[in-house]
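Peer 1: Hey, dropping entry_3.cif in here, mmCIF, C-alpha atoms:
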```cif
data_protein
loop_
_atom_site.label_atom_id
_atom_site.label_comp_id
_atom_site.auth_asym_id
_atom_site.auth_seq_id
_atom_site.Cartn_x
_atom_site.Cartn_y
_atom_site.Cartn_z
CA MET A 26 0.00 0.00 0.00
CA PHE A 27 1.40 3.40 -0.95
CA THR A 28 1.57 6.42 1.33
CA PHE A 29 -0.16 9.57 0.09
CA GLY A 30 3.21 11.16 -0.75
CA GLU A 31 4.27 8.13 -2.79
CA LEU A 32 0.92 8.14 -4.56
CA ILE A 33 1.42 11.79 -5.54
CA VAL A 34 4.81 11.01 -7.09
CA ILE A 35 3.37 8.01 -8.94
CA LEU A 36 0.49 10.10 -10.32
CA VAL A 37 2.88 12.79 -11.58
CA VAL A 38 5.12 10.24 -13.32
CA VAL A 39 2.13 8.39 -14.76
CA GLY A 40 0.71 11.72 -15.93
CA ILE A 41 3.94 12.59 -17.79
CA VAL A 42 3.98 9.26 -19.61
CA ALA A 43 0.23 9.39 -20.29
CA GLY A 44 0.50 12.99 -21.52
CA ILE A 45 3.15 12.00 -24.06
CA VAL A 46 1.14 8.97 -25.16
CA SER A 47 -2.05 11.05 -25.35
CA THR A 48 -0.66 13.77 -27.59
CA ALA A 49 1.41 11.42 -29.73
CA ALA A 50 -0.97 8.49 -30.01
CA GLY A 51 -4.30 9.23 -28.30
CA LEU A 52 -3.89 6.38 -25.81
CA ALA A 53 -3.45 8.19 -22.48
CA SER A 54 -5.94 5.93 -20.73
CA LEU A 55 -3.84 2.90 -21.57
CA VAL A 56 -1.32 4.36 -19.11
CA SER A 57 -3.41 6.31 -16.61
CA TYR A 58 -6.52 4.11 -16.21
CA PRO A 59 -4.78 1.13 -14.54
CA VAL A 60 -3.51 3.45 -11.80
CA LEU A 61 -7.04 4.77 -11.17
CA LEU A 62 -8.76 1.37 -11.05
CA ALA A 63 -8.80 1.48 -7.25
CA LEU A 64 -11.34 4.32 -7.46
CA PRO A 65 -15.06 3.83 -8.23
CA PRO A 66 -15.65 3.72 -12.03
CA VAL A 67 -17.30 7.14 -12.36
CA THR A 68 -14.73 8.77 -10.04
CA ALA A 69 -11.88 7.21 -12.03
CA ASN A 70 -13.40 8.46 -15.30
CA VAL A 71 -13.95 11.98 -13.95
CA THR A 72 -10.44 12.13 -12.46
CA ASN A 73 -8.86 11.00 -15.71
CA THR A 74 -10.87 13.40 -17.88
CA VAL A 75 -10.28 16.44 -15.65
CA GLY A 76 -6.58 15.58 -15.49
CA LEU A 77 -6.47 15.37 -19.29
CA VAL A 78 -7.52 19.03 -19.47
CA PHE A 79 -3.96 19.89 -18.44
CA THR A 80 -2.63 17.92 -21.42
CA SER A 81 -4.16 20.39 -23.85
CA PHE A 82 -2.53 23.29 -21.99
CA GLY A 83 0.82 21.73 -22.81
CA ALA A 84 0.02 20.29 -26.24
CA VAL A 85 -1.69 23.22 -27.98
CA PRO A 86 1.14 25.78 -27.51
CA ALA A 87 3.62 23.10 -28.61
CA SER A 88 1.55 22.45 -31.75
CA ARG A 89 1.19 26.01 -33.05
CA ARG A 90 3.38 25.20 -36.06
CA GLU A 91 1.08 22.35 -37.14
CA LEU A 92 -2.18 24.21 -36.43
CA ARG A 93 -1.23 27.36 -38.34
CA GLY A 94 -3.16 27.72 -41.61
CA HIS A 95 -5.74 25.01 -40.82
CA GLY A 96 -8.49 27.15 -39.32
CA GLN A 97 -11.08 26.06 -41.87
CA GLU A 98 -10.89 22.40 -40.82
CA LEU A 99 -10.99 23.38 -37.15
CA LYS A 100 -14.18 25.41 -37.67
CA THR A 101 -15.95 22.11 -38.39
CA LEU A 102 -13.99 19.77 -36.13
CA ILE A 103 -14.23 21.75 -32.90
CA PRO A 104 -17.99 22.56 -32.76
CA LEU A 105 -19.00 18.99 -33.62
CA THR A 106 -16.63 17.59 -30.99
CA LEU A 107 -17.78 20.04 -28.31
CA VAL A 108 -21.49 19.41 -28.85
CA GLY A 109 -20.86 15.68 -28.75
CA SER A 110 -18.82 15.97 -25.54
CA ILE A 111 -21.64 17.82 -23.78
CA VAL A 112 -24.10 15.09 -24.74
CA GLY A 113 -21.68 12.37 -23.64
CA ALA A 114 -20.87 14.01 -20.31
CA ILE A 115 -24.57 14.29 -19.47
CA LEU A 116 -25.18 10.66 -20.48
CA LEU A 117 -22.46 9.54 -18.04
CA PHE A 118 -24.84 10.30 -15.19
CA ILE A 119 -27.90 8.80 -16.91
CA ILE A 120 -26.80 5.57 -18.59
CA PRO A 121 -25.22 2.89 -16.36
CA ALA A 122 -21.49 2.57 -17.03
CA ALA A 123 -21.82 -1.23 -17.19
CA THR A 124 -24.07 -0.95 -20.25
CA PHE A 125 -21.68 1.24 -22.18
CA ALA A 126 -18.67 -0.82 -21.08
CA LYS A 127 -19.90 -3.71 -23.21
CA VAL A 128 -19.90 -1.56 -26.36
CA VAL A 129 -16.65 0.36 -25.85
CA PRO A 130 -14.27 -2.53 -26.74
CA PHE A 131 -15.85 -2.81 -30.19
CA PHE A 132 -15.31 0.93 -30.83
CA ILE A 133 -11.64 0.71 -29.89
CA LEU A 134 -11.11 -2.52 -31.85
CA ILE A 135 -12.50 -0.94 -35.02
CA ALA A 136 -10.45 2.24 -34.45
CA GLY A 137 -7.26 0.21 -34.04
CA ILE A 138 -7.91 -1.68 -37.28
CA LEU A 139 -8.69 1.52 -39.21
CA VAL A 140 -5.49 3.19 -38.00
CA LEU A 141 -3.45 0.16 -39.15
CA ILE A 142 -4.91 0.12 -42.67
CA PRO A 143 -2.30 1.67 -45.01
CA ARG A 144 -3.61 4.64 -46.95
CA HIS A 145 -1.86 6.31 -49.86
CA ILE A 146 -3.76 9.58 -49.75
CA HIS A 147 -2.94 12.72 -51.66
CA ILE A 148 -1.52 15.35 -49.31
CA LYS A 149 -3.20 18.68 -49.91
CA GLN A 150 -0.85 21.37 -51.16
CA PRO A 151 -1.18 25.08 -50.17
CA GLY A 152 -3.96 26.69 -52.18
CA GLU A 153 -5.20 23.39 -53.58
CA ILE A 154 -8.93 22.59 -53.43
CA VAL A 155 -9.87 19.02 -52.53
CA VAL A 156 -13.48 17.99 -53.33
CA THR A 157 -14.99 15.41 -50.97
CA PRO A 158 -18.28 13.58 -51.73
CA LYS A 159 -21.19 14.91 -49.67
CA TRP A 160 -22.06 11.49 -48.22
CA MET A 161 -18.50 11.07 -47.00
CA THR A 162 -18.54 14.53 -45.45
CA ALA A 163 -21.83 13.83 -43.64
CA LEU A 164 -20.52 10.48 -42.40
CA ALA A 165 -17.32 12.11 -41.16
CA TRP A 166 -19.28 14.82 -39.34
CA LEU A 167 -21.44 12.18 -37.66
CA GLY A 168 -18.32 10.24 -36.68
CA ILE A 169 -16.67 13.32 -35.17
CA PHE A 170 -19.82 14.11 -33.17
CA LEU A 171 -19.96 10.51 -31.88
CA VAL A 172 -16.28 10.61 -30.90
CA GLY A 173 -17.00 13.82 -28.99
CA ALA A 174 -19.89 12.08 -27.21
CA TYR A 175 -17.70 9.07 -26.50
CA THR A 176 -14.99 11.35 -25.09
CA GLY A 177 -17.48 13.07 -22.81
CA TYR A 178 -18.91 9.77 -21.61
CA PHE A 179 -15.96 7.40 -21.31
CA GLY A 180 -12.89 8.84 -23.01
CA ALA A 181 -10.53 5.83 -23.10
CA ALA A 182 -8.82 5.83 -26.53
CA GLY A 183 -11.01 8.69 -27.73
CA GLY A 184 -7.91 10.06 -29.42
CA VAL A 185 -7.49 6.85 -31.41
CA LEU A 186 -11.12 7.02 -32.54
CA MET A 187 -10.61 10.60 -33.71
CA LEU A 188 -7.35 9.72 -35.46
CA SER A 189 -9.03 6.82 -37.25
CA ILE A 190 -11.62 9.22 -38.70
CA LEU A 191 -9.16 11.98 -39.59
CA SER A 192 -6.79 9.49 -41.22
CA PHE A 193 -9.54 8.76 -43.75
CA THR A 194 -10.92 12.27 -44.18
CA SER A 195 -8.02 14.69 -43.76
CA ALA A 196 -5.80 15.70 -46.65
CA ALA A 197 -3.15 16.89 -44.19
CA PRO A 198 -0.12 14.93 -42.93
CA PHE A 199 -0.41 12.87 -39.73
CA VAL A 200 1.49 15.43 -37.64
CA VAL A 201 -1.11 18.08 -38.58
CA TYR A 202 -4.31 16.14 -37.98
CA ASN A 203 -2.81 14.73 -34.79
CA ALA A 204 -2.39 18.33 -33.57
CA GLN A 205 -5.98 19.07 -34.60
CA LYS A 206 -7.10 16.03 -32.62
CA ASN A 207 -5.22 17.29 -29.55
CA LEU A 208 -6.89 20.71 -29.75
CA ALA A 209 -10.43 19.42 -30.39
CA LEU A 210 -10.35 16.73 -27.69
CA GLY A 211 -8.60 19.09 -25.29
CA LEU A 212 -11.52 21.51 -25.58
CA ALA A 213 -13.94 18.57 -25.30
CA ASN A 214 -12.28 17.51 -22.05
CA ILE A 215 -12.64 21.05 -20.68
CA VAL A 216 -16.37 21.07 -21.48
CA SER A 217 -16.80 17.59 -20.01
CA ALA A 218 -14.92 18.61 -16.85
CA VAL A 219 -17.31 21.54 -16.36
CA VAL A 220 -20.33 19.25 -16.74
CA TYR A 221 -18.75 16.72 -14.34
CA GLY A 222 -18.09 19.47 -11.80
CA LEU A 223 -21.78 20.36 -11.81
CA GLN A 224 -22.79 16.74 -11.24
CA THR A 225 -20.27 15.21 -8.83
CA PRO A 226 -17.42 16.24 -6.48
CA ILE A 227 -14.02 16.24 -8.20
CA GLN A 228 -11.21 14.51 -6.30
CA TRP A 229 -8.63 17.28 -6.68
CA ARG A 230 -6.03 15.45 -4.56
CA TYR A 231 -5.75 12.97 -7.41
CA VAL A 232 -6.46 15.33 -10.29
CA LEU A 233 -3.76 17.92 -9.54
CA PRO A 234 -0.68 15.64 -9.45
CA LEU A 235 -1.99 13.71 -12.44
CA GLY A 236 -2.66 17.01 -14.19
CA ILE A 237 0.86 18.30 -13.56
CA GLY A 238 2.22 15.19 -15.22
CA PHE A 239 -0.25 15.54 -18.10
CA LEU A 240 0.87 19.15 -18.60
CA ILE A 241 4.54 18.18 -18.85
CA GLY A 242 3.87 15.15 -21.04
CA GLY A 243 1.43 17.09 -23.21
CA SER A 244 4.10 19.66 -24.06
CA LEU A 245 6.59 16.92 -25.00
CA GLY A 246 4.30 14.75 -27.14
CA PRO A 247 3.90 17.06 -30.19
CA ARG A 248 7.66 17.64 -30.30
CA ILE A 249 8.28 13.90 -30.33
CA VAL A 250 5.74 13.36 -33.13
CA ARG A 251 7.65 15.76 -35.40
CA HIS A 252 10.70 13.52 -35.37
CA LEU A 253 9.09 10.07 -35.77
CA PRO A 254 7.84 8.43 -38.99
CA ALA A 255 4.06 8.69 -39.31
CA ARG A 256 3.73 5.03 -40.32
CA LEU A 257 5.63 3.89 -37.22
CA LEU A 258 3.36 5.99 -35.01
CA LYS A 259 0.26 4.55 -36.66
CA ILE A 260 1.50 1.01 -36.09
CA VAL A 261 2.18 1.75 -32.41
CA ILE A 262 -1.23 3.43 -32.06
CA GLY A 263 -3.04 0.57 -33.78
CA ILE A 264 -1.33 -2.15 -31.72
CA GLY A 265 -1.91 -0.21 -28.51
CA ALA A 266 -5.60 0.20 -29.38
CA LEU A 267 -5.96 -3.52 -30.08
CA GLY A 268 -4.30 -4.29 -26.73
CA LEU A 269 -6.63 -1.91 -24.90
CA ALA A 270 -9.65 -3.39 -26.70
CA ALA A 271 -8.60 -6.89 -25.63
CA SER A 272 -8.22 -5.74 -22.03
CA LEU A 273 -11.64 -4.07 -22.06
CA PHE A 274 -13.24 -7.13 -23.69
CA LYS A 275 -11.84 -9.23 -20.86
CA SER A 276 -13.17 -6.95 -18.12
CA ALA A 277 -16.56 -6.33 -19.78
CA TYR A 278 -17.36 -9.94 -20.67
CA GLY A 279 -15.31 -11.82 -18.05
CA LEU A 280 -13.23 -13.64 -20.66
#
```
Show how you would write the structure in this file as structure tokens.
Peer 2:
Amino acid sequence: MFTFGELIVILVVVGIVAGIVSTAAGLASLVSYPVLLALPPVTANVTNTVGLVFTSFGAVPASRRELRGHGQELKTLIPLTLVGSIVGAILLFIIPAATFAKVVPFFILIAGILVLIPRHIHIKQPGEIVVTPKWMTALAWLGIFLVGAYTGYFGAAGGVLMLSILSFTSAAPFVVYNAQKNLALGLANIVSAVVYGLQTPIQWRYVLPLGIGFLIGGSLGPRIVRHLPARLLKIVIGIGALGLAASLFKSAYGL
């Protein structure tokens, strides 16, 4: 059993690692959730989500280079994600977590597979116009909204779900749409944290040390992504998602 001081140190270290993994791969919960399993499910989810708010404070300033010049995409991505996150955060206190837990592994499994599928897409050049079929646009918008709702409700591997959609819809390089994912989900986590705060007490003694780690890790993640091959990152993300899906399948269905 850890003392409170030891637990604080562990949460900071875990937060740093999870912050890096979150901003580079969207799999923060793969690192942070196991540490929070001793808490009740809703408390663990709230603690993790509120802590993740600090990740965006580190990641967004570190990603200014990638975000510059992509305001048009963000005008669609951010509102859809935020509206979805509000819906999801409210549903957390309405729908039993056990019900949703049986569906989540399938989401993450599909996301992991989609990320691993090689795609030879045309990278949009400055000033170039890329025409996307309307049905694909509508489907992408629905997917982004659902990822926002998922992030507000549960959150684990929400970044992978968003990356799997953007990898099929974005004409930008991985490093760019990964930065967009960090900004959109960071704002979604802020909105979700506000909704959570109105519904349940927040355990700040756990959130703050975890958040400090998330802040440090979040500032390092985008810098690391710049220097790693996109394909390698996608393989790591996909394998990590499949591992998380297997773990959640086991816990949800008692396999």
Peer 1: Out of A:Val78, A:Val185, A:Ala53, A:Val250, which residue has the shortest atom-to-atom distance to Gly40 (chain A) when counting all atoms listed in the file?
Peer 2: A:Ala53
Peer 1: For Ile262 (chain A), find every residue with an atom within 9 Å (counting all atoms listed in the file), except residues of its own chain fewer than 4 positions away, and show them as a CSV table (one decimal) with C-alpha atoms, in the frame of the given file.
Peer 2:
```csv
chain,number,residue,atom,x,y,z
A,49,ALA,CA,1.4,11.4,-29.7
A,50,ALA,CA,-1.0,8.5,-30.0
A,51,GLY,CA,-4.3,9.2,-28.3
A,52,LEU,CA,-3.9,6.4,-25.8
A,137,GLY,CA,-7.3,0.2,-34.0
A,140,VAL,CA,-5.5,3.2,-38.0
A,141,LEU,CA,-3.4,0.2,-39.2
A,185,VAL,CA,-7.5,6.8,-31.4
A,257,LEU,CA,5.6,3.9,-37.2
A,258,LEU,CA,3.4,6.0,-35.0
A,266,ALA,CA,-5.6,0.2,-29.4
A,267,LEU,CA,-6.0,-3.5,-30.1
```
Peer 1: Which residues of region 107-212 of chain A come within 10 Å of region 235-247 of chain A, and for each one, what is the closest pair of atoms and their distance in Å to one decimal, counting only C-alpha atoms, sorted by chain and residue number, as CSV?
Peer 2:
```
residue,atom,partner,partner_atom,distance
A:Val200,CA,A:Pro247,CA,8.0
A:Val201,CA,A:Pro247,CA,9.8
A:Asn203,CA,A:Pro247,CA,8.5
A:Ala204,CA,A:Pro247,CA,7.3
A:Asn207,CA,A:Pro247,CA,9.1
```
Peer 1: Given the choices A:Leu92, A:Ile103, A:Pro234, A:Ser189, which gets closest to Ile41 (chain A) if the distance is worked out from all atoms listed in the file?
Peer 2: A:Pro234
Peer 1: So what does the PyMOL selection byres ((chain A and resi 169) around 8) actually pick up in this one, as a list in words?
Peer 2: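 Selection result, ordered by chain and number: Leu102, Leu105, Thr106, Ala165, Trp166, Leu167, Gly168, Phe170, Leu171, Val172, Gly173, Met187 and Ile190 of chain A.
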Peer 1: In terms of the shortest atom-to-atom distance over all atoms listed in the file, which of A:Pro130, A:Gly177, A:Pro158, A:Gly211 is closest to Gly113 (chain A)?
Peer 2: A:Gly177
Peer 1: Tell me, in Å to one decimal, how far CA of Leu186 (chain A) is from CA of Ala136 (chain A).
Peer 2: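 If I compute the distance from CA of Leu186 (chain A) to CA of Ala136 (chain A), I get 5.2 Å.
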Peer 1: Give the padded box for region 191-199 of chain A as JSON: axis-aligned, covering all atoms listed in the file, 5 Å on each side, centre and edge lengths in Å to one decimal.
Peer 2:
```
{"center_x": -5.5, "center_y": 12.8, "center_z": -43.1, "size_x": 20.8, "size_y": 18.1, "size_z": 17.1}
```
Peer 1: Give as an mmCIF file with C-alpha atoms, in the frame of the given file the set of residues within 12 Å of the point (-0.4, 22.2, -36.9), where distances use the file's coordinates and all atoms listed in the file.
Peer 2:
```
data_model
loop_
_atom_site.group_PDB
_atom_site.id
_atom_site.type_symbol
_atom_site.label_atom_id
_atom_site.label_comp_id
_atom_site.auth_asym_id
_atom_site.auth_seq_id
_atom_site.Cartn_x
_atom_site.Cartn_y
_atom_site.Cartn_z
ATOM 1 C CA ALA A 84 0.020 20.290 -26.240
ATOM 2 C CA VAL A 85 -1.690 23.220 -27.980
ATOM 3 C CA PRO A 86 1.140 25.780 -27.510
ATOM 4 C CA ALA A 87 3.620 23.100 -28.610
ATOM 5 C CA SER A 88 1.550 22.450 -31.750
ATOM 6 C CA ARG A 89 1.190 26.010 -33.050
ATOM 7 C CA ARG A 90 3.380 25.200 -36.060
ATOM 8 C CA GLU A 91 1.080 22.350 -37.140
ATOM 9 C CA LEU A 92 -2.180 24.210 -36.430
ATOM 10 C CA ARG A 93 -1.230 27.360 -38.340
ATOM 11 C CA GLY A 94 -3.160 27.720 -41.610
ATOM 12 C CA HIS A 95 -5.740 25.010 -40.820
ATOM 13 C CA GLY A 96 -8.490 27.150 -39.320
ATOM 14 C CA GLU A 98 -10.890 22.400 -40.820
ATOM 15 C CA LEU A 99 -10.990 23.380 -37.150
ATOM 16 C CA ALA A 197 -3.150 16.890 -44.190
ATOM 17 C CA PRO A 198 -0.120 14.930 -42.930
ATOM 18 C CA PHE A 199 -0.410 12.870 -39.730
ATOM 19 C CA VAL A 200 1.490 15.430 -37.640
ATOM 20 C CA VAL A 201 -1.110 18.080 -38.580
ATOM 21 C CA TYR A 202 -4.310 16.140 -37.980
ATOM 22 C CA ASN A 203 -2.810 14.730 -34.790
ATOM 23 C CA ALA A 204 -2.390 18.330 -33.570
ATOM 24 C CA GLN A 205 -5.980 19.070 -34.600
ATOM 25 C CA LYS A 206 -7.100 16.030 -32.620
ATOM 26 C CA ASN A 207 -5.220 17.290 -29.550
ATOM 27 C CA LEU A 208 -6.890 20.710 -29.750
ATOM 28 C CA PRO A 247 3.900 17.060 -30.190
ATOM 29 C CA ARG A 248 7.660 17.640 -30.300
ATOM 30 C CA VAL A 250 5.740 13.360 -33.130
ATOM 31 C CA ARG A 251 7.650 15.760 -35.400
#
```
Peer 1: Just say which residues the PyMOL selection byres ((chain A and resi 110) around 10) picks in this file, as a PyMOL selection string.
Peer 2: chain A and resi 104-109+111-116+170-180+210+212-218+220
Peer 1: Complete the atoms of region 219-250 of chain A to N, CA and C atoms and put them out as a compact mmCIF listing (two decimals), keeping the file's coordinate frame.
Peer 2:
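The resulting selection20.txt:
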```txt
# COMPACT_ATOMS: atom_id res chain seq x y z
N VAL A 219 -16.34 20.58 -16.92
CA VAL A 219 -17.31 21.54 -16.36
C VAL A 219 -18.62 20.84 -16.04
N VAL A 220 -19.09 20.00 -16.97
CA VAL A 220 -20.33 19.25 -16.74
C VAL A 220 -20.16 18.31 -15.54
N TYR A 221 -19.02 17.63 -15.46
CA TYR A 221 -18.75 16.72 -14.34
C TYR A 221 -18.79 17.48 -13.02
N GLY A 222 -18.15 18.68 -13.02
CA GLY A 222 -18.09 19.47 -11.80
C GLY A 222 -19.45 19.89 -11.29
N LEU A 223 -20.41 20.01 -12.20
CA LEU A 223 -21.78 20.36 -11.81
C LEU A 223 -22.56 19.16 -11.31
N GLN A 224 -22.05 17.95 -11.57
CA GLN A 224 -22.79 16.74 -11.24
C GLN A 224 -22.22 15.97 -10.05
N THR A 225 -20.91 16.05 -9.85
CA THR A 225 -20.27 15.21 -8.83
C THR A 225 -19.03 15.91 -8.29
N PRO A 226 -18.66 15.66 -7.02
CA PRO A 226 -17.42 16.24 -6.48
C PRO A 226 -16.20 15.73 -7.24
N ILE A 227 -15.25 16.62 -7.51
CA ILE A 227 -14.02 16.24 -8.20
C ILE A 227 -12.92 16.00 -7.17
N GLN A 228 -12.26 14.88 -7.27
CA GLN A 228 -11.21 14.51 -6.30
C GLN A 228 -9.90 15.20 -6.69
N TRP A 229 -9.78 16.47 -6.26
CA TRP A 229 -8.63 17.28 -6.68
C TRP A 229 -7.30 16.74 -6.16
N ARG A 230 -7.30 15.99 -5.07
CA ARG A 230 -6.03 15.45 -4.56
C ARG A 230 -5.43 14.44 -5.52
N TYR A 231 -6.25 13.86 -6.36
CA TYR A 231 -5.75 12.97 -7.41
C TYR A 231 -5.56 13.71 -8.73
N VAL A 232 -6.47 14.63 -9.01
CA VAL A 232 -6.46 15.33 -10.29
C VAL A 232 -5.21 16.21 -10.45
N LEU A 233 -4.85 16.95 -9.41
CA LEU A 233 -3.76 17.92 -9.54
C LEU A 233 -2.40 17.28 -9.84
N PRO A 234 -1.97 16.25 -9.08
CA PRO A 234 -0.68 15.64 -9.45
C PRO A 234 -0.71 14.96 -10.81
N LEU A 235 -1.84 14.33 -11.12
CA LEU A 235 -1.99 13.71 -12.44
C LEU A 235 -1.95 14.78 -13.52
N GLY A 236 -2.62 15.90 -13.24
CA GLY A 236 -2.66 17.01 -14.19
C GLY A 236 -1.30 17.64 -14.44
N ILE A 237 -0.49 17.75 -13.40
CA ILE A 237 0.86 18.30 -13.56
C ILE A 237 1.67 17.42 -14.51
N GLY A 238 1.55 16.11 -14.32
CA GLY A 238 2.22 15.19 -15.22
C GLY A 238 1.69 15.30 -16.64
N PHE A 239 0.36 15.38 -16.79
CA PHE A 239 -0.25 15.54 -18.10
C PHE A 239 0.25 16.81 -18.80
N LEU A 240 0.40 17.88 -18.04
CA LEU A 240 0.87 19.15 -18.60
C LEU A 240 2.28 19.01 -19.18
N ILE A 241 3.16 18.37 -18.40
CA ILE A 241 4.54 18.18 -18.85
C ILE A 241 4.58 17.24 -20.06
N GLY A 242 3.89 16.10 -19.93
CA GLY A 242 3.87 15.15 -21.04
C GLY A 242 3.20 15.70 -22.27
N GLY A 243 2.14 16.50 -22.08
CA GLY A 243 1.43 17.09 -23.21
C GLY A 243 2.29 18.05 -24.02
N SER A 244 3.21 18.74 -23.35
CA SER A 244 4.10 19.66 -24.06
C SER A 244 5.21 18.92 -24.81
N LEU A 245 5.53 17.70 -24.36
CA LEU A 245 6.59 16.92 -25.00
C LEU A 245 6.08 16.12 -26.20
N GLY A 246 4.84 15.62 -26.11
CA GLY A 246 4.30 14.75 -27.14
C GLY A 246 4.37 15.30 -28.56
N PRO A 247 3.85 16.53 -28.82
CA PRO A 247 3.90 17.06 -30.19
C PRO A 247 5.32 17.21 -30.73
N ARG A 248 6.26 17.51 -29.86
CA ARG A 248 7.66 17.64 -30.30
C ARG A 248 8.23 16.29 -30.71
N ILE A 249 7.82 15.25 -29.99
CA ILE A 249 8.28 13.90 -30.33
C ILE A 249 7.70 13.45 -31.67
N VAL A 250 6.42 13.76 -31.90
CA VAL A 250 5.74 13.36 -33.13
C VAL A 250 6.45 13.92 -34.37
```
